[in-house]
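**Q** Have a look at this one before I ask anything.
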Amino acid sequence: MRVELIHPVVVHFAIGLLLVAVVLDAIGWLSRKLIFHSAAWVNLLAGGVSALFAVVTGVLAEEAAPETEAIHGIVERHELVGFAVLALAAGLILWRFLLRGGVPGRFRIFYMVASAVLAALLVYGGYLGGELVYRHGVGVKAKPSPVLQLEEEEDEPGEHG
């Protein structure tokens, strides 16, 4: 299987799990219910593992991207954001691990700000990935448009002409 086909699958797990972790921690903070923080911890762990696989498959998939100036710039930013997400997720995981899965008490605001930055990076990285796929067609096999096929058929001389 081609690695550029694996990256989009894996990256969606990382995005979903990490965003859910941030949201659950925010709900736990606002509601003061530990069950939300526990669920966030599980999502953070799974999201961190998924982020690692997303970065690895993304780096390998980069080889399949066409080498145009526009695409190269977006790929570089997308890759940088991916590494930042992985590093920040790893930092949050380590922080929680040192607290045995608990939530920072005294420095909770810093943890939540870091989580919000993580969420923003995830959204921005997803936007850049969307730019690559939907604007530049990276990783997408071109398929003729049905409208273009009809126009070409109309232009061809038929049996009557």
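If you're wondering about the labels, chains in the structure tokens are A, B, ... by order shown, residues count from 1 in each chain, ligands from 1 in order shown.
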Using only C-alpha atoms, which residues of region 73-112 of chain A come within 10 Å of region 11-27 of chain A, and what is the closest atom pair for each, with the distance in Å to one decimal? Give it as JSON lines, sorted by chain and residue number.
**A**
```
{"residue": "A:Gly82", "atom": "CA", "partner": "A:Val11", "partner_atom": "CA", "distance": 9.6}
{"residue": "A:Val85", "atom": "CA", "partner": "A:Leu18", "partner_atom": "CA", "distance": 9.5}
{"residue": "A:Leu86", "atom": "CA", "partner": "A:Ala14", "partner_atom": "CA", "distance": 9.5}
{"residue": "A:Ala89", "atom": "CA", "partner": "A:Leu18", "partner_atom": "CA", "distance": 8.0}
{"residue": "A:Val103", "atom": "CA", "partner": "A:Asp25", "partner_atom": "CA", "distance": 8.6}
{"residue": "A:Tyr111", "atom": "CA", "partner": "A:Asp25", "partner_atom": "CA", "distance": 9.7}
{"residue": "A:Met112", "atom": "CA", "partner": "A:Ala26", "partner_atom": "CA", "distance": 7.3}
```
**Q** Deliver the residues from the most recent selection as a file, using N, CA and C atoms, as a PDB file, in the first residue's frame.
**A**
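Ended up saving to out-v3.pdb:
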```
ATOM      1  N   GLY A  82       2.627  20.071  11.774  1.00  0.00           N
ATOM      2  CA  GLY A  82       2.525  18.685  12.238  1.00  0.00           C
ATOM      3  C   GLY A  82       3.546  18.368  13.320  1.00  0.00           C
ATOM      4  N   VAL A  85       2.432  20.162  16.495  1.00  0.00           N
ATOM      5  CA  VAL A  85       1.331  19.430  17.134  1.00  0.00           C
ATOM      6  C   VAL A  85       1.877  18.233  17.899  1.00  0.00           C
ATOM      7  N   LEU A  86       2.756  17.479  17.264  1.00  0.00           N
ATOM      8  CA  LEU A  86       3.331  16.300  17.914  1.00  0.00           C
ATOM      9  C   LEU A  86       4.104  16.691  19.168  1.00  0.00           C
ATOM     10  N   ALA A  89       1.587  17.939  21.867  1.00  0.00           N
ATOM     11  CA  ALA A  89       0.833  16.797  22.401  1.00  0.00           C
ATOM     12  C   ALA A  89       1.730  15.958  23.315  1.00  0.00           C
ATOM     13  N   VAL A 103      -4.975  16.182  36.472  1.00  0.00           N
ATOM     14  CA  VAL A 103      -5.019  17.494  35.836  1.00  0.00           C
ATOM     15  C   VAL A 103      -4.183  18.451  36.669  1.00  0.00           C
ATOM     16  N   TYR A 111      -1.895  24.881  31.308  1.00  0.00           N
ATOM     17  CA  TYR A 111      -2.236  23.640  30.616  1.00  0.00           C
ATOM     18  C   TYR A 111      -3.364  23.888  29.610  1.00  0.00           C
ATOM     19  N   MET A 112      -4.381  24.633  30.029  1.00  0.00           N
ATOM     20  CA  MET A 112      -5.520  24.899  29.145  1.00  0.00           C
ATOM     21  C   MET A 112      -5.123  25.804  27.978  1.00  0.00           C
TER      22      MET A 112
END
```
**Q** Using only C-alpha atoms, determine which residues lie at most 10 Å from region 56-66 of chain A, disregarding the query and same-chain residues fewer than 3 positions distant; provide the list as a PyMOL selection string.
**A** chain A and resi 2-11+50-53+69-72+75-76+78-79+82-83+132+136-139
**Q** What would the file look like if the residues just selected were written as a CSV table (one decimal), in the first residue's frame with N, CA and C atoms?
**A**
```csv
chain,number,residue,atom,x,y,z
A,2,ARG,N,0.5,2.2,-0.7
A,2,ARG,CA,1.3,3.5,-0.8
A,2,ARG,C,1.0,4.3,0.4
A,3,VAL,N,2.1,4.8,1.0
A,3,VAL,CA,2.1,5.6,2.2
A,3,VAL,C,1.3,6.9,2.1
A,4,GLU,N,1.3,7.5,0.9
A,4,GLU,CA,0.5,8.7,0.8
A,4,GLU,C,-1.0,8.5,0.9
A,5,LEU,N,-1.4,7.2,0.8
A,5,LEU,CA,-2.8,6.9,1.0
A,5,LEU,C,-3.1,6.6,2.5
A,6,ILE,N,-2.1,6.3,3.2
A,6,ILE,CA,-2.3,6.0,4.7
A,6,ILE,C,-2.3,7.3,5.5
A,7,HIS,N,-1.6,8.3,5.1
A,7,HIS,CA,-1.5,9.6,5.9
A,7,HIS,C,-2.9,10.2,6.1
A,8,PRO,N,-3.7,10.3,5.1
A,8,PRO,CA,-5.1,11.0,5.3
A,8,PRO,C,-5.9,10.2,6.3
A,9,VAL,N,-5.8,8.9,6.3
A,9,VAL,CA,-6.5,8.1,7.3
A,9,VAL,C,-6.0,8.3,8.7
A,10,VAL,N,-4.8,8.2,8.9
A,10,VAL,CA,-4.2,8.3,10.2
A,10,VAL,C,-4.3,9.7,10.8
A,11,VAL,N,-4.2,10.7,10.0
A,11,VAL,CA,-4.2,12.1,10.4
A,11,VAL,C,-5.6,12.5,11.0
A,50,SER,N,-1.6,8.6,17.6
A,50,SER,CA,-2.0,8.9,16.2
A,50,SER,C,-1.2,10.0,15.6
A,51,ALA,N,-0.9,11.0,16.3
A,51,ALA,CA,-0.1,12.2,15.8
A,51,ALA,C,1.3,11.7,15.4
A,52,LEU,N,1.8,10.8,16.2
A,52,LEU,CA,3.2,10.2,15.8
A,52,LEU,C,3.1,9.5,14.5
A,53,PHE,N,2.1,8.7,14.3
A,53,PHE,CA,1.9,8.0,13.0
A,53,PHE,C,1.6,9.0,11.9
A,69,GLU,N,6.4,25.4,-6.7
A,69,GLU,CA,6.7,26.4,-5.7
A,69,GLU,C,5.6,26.5,-4.7
A,70,ALA,N,4.4,26.7,-5.2
A,70,ALA,CA,3.2,26.8,-4.3
A,70,ALA,C,3.0,25.6,-3.4
A,71,ILE,N,3.1,24.5,-4.0
A,71,ILE,CA,2.8,23.2,-3.2
A,71,ILE,C,3.9,23.1,-2.2
A,72,HIS,N,5.2,23.3,-2.6
A,72,HIS,CA,6.3,23.1,-1.7
A,72,HIS,C,6.1,24.0,-0.4
A,75,VAL,N,3.4,22.5,1.8
A,75,VAL,CA,3.9,21.3,2.4
A,75,VAL,C,4.8,21.6,3.5
A,76,GLU,N,5.7,22.5,3.4
A,76,GLU,CA,6.6,22.9,4.4
A,76,GLU,C,5.9,23.4,5.7
A,78,HIS,N,2.7,22.9,6.4
A,78,HIS,CA,1.9,21.7,6.9
A,78,HIS,C,2.8,20.8,7.8
A,79,GLU,N,4.0,20.5,7.3
A,79,GLU,CA,4.9,19.7,8.0
A,79,GLU,C,5.4,20.3,9.3
A,82,GLY,N,2.6,20.1,11.8
A,82,GLY,CA,2.5,18.7,12.2
A,82,GLY,C,3.5,18.4,13.3
A,83,PHE,N,4.8,18.8,13.1
A,83,PHE,CA,5.8,18.6,14.2
A,83,PHE,C,5.5,19.4,15.4
A,132,LEU,N,-3.8,21.6,0.2
A,132,LEU,CA,-3.0,20.7,-0.7
A,132,LEU,C,-3.9,19.8,-1.5
A,136,HIS,N,-4.8,22.1,-4.8
A,136,HIS,CA,-3.7,21.7,-5.6
A,136,HIS,C,-3.8,20.2,-6.1
A,137,GLY,N,-4.7,19.5,-5.6
A,137,GLY,CA,-4.9,18.1,-6.0
A,137,GLY,C,-3.8,17.1,-5.6
A,138,VAL,N,-3.1,17.5,-4.5
A,138,VAL,CA,-2.0,16.6,-4.1
A,138,VAL,C,-2.7,15.3,-3.5
A,139,GLY,N,-2.2,14.2,-4.0
A,139,GLY,CA,-2.7,12.9,-3.6
A,139,GLY,C,-4.0,12.5,-4.2
```
**Q** Pick out each residue of region 10-120 of chain A that DSSP on the backbone tags as alpha helix (DSSP H); I need them as a ChimeraX atom specification.
**A** /A:10-31,34-61,69-98,108-120
**Q** Identify which of the residues A:Val117, A:Val81, A:Ile109, A:Glu131 lies closest to Ala54 (chain A), counting only C-alpha atoms when measuring atom-to-atom distances.
**A**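 Among the listed residues, A:Val81 lies closest to Ala54 (chain A).
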**Q** What is the CA of Leu34 (chain A)-CA of Gly102 (chain A) distance in Å, reported with one decimal?
**A**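 Between CA of Leu34 (chain A) and CA of Gly102 (chain A) the gap works out to 8.7 Å.
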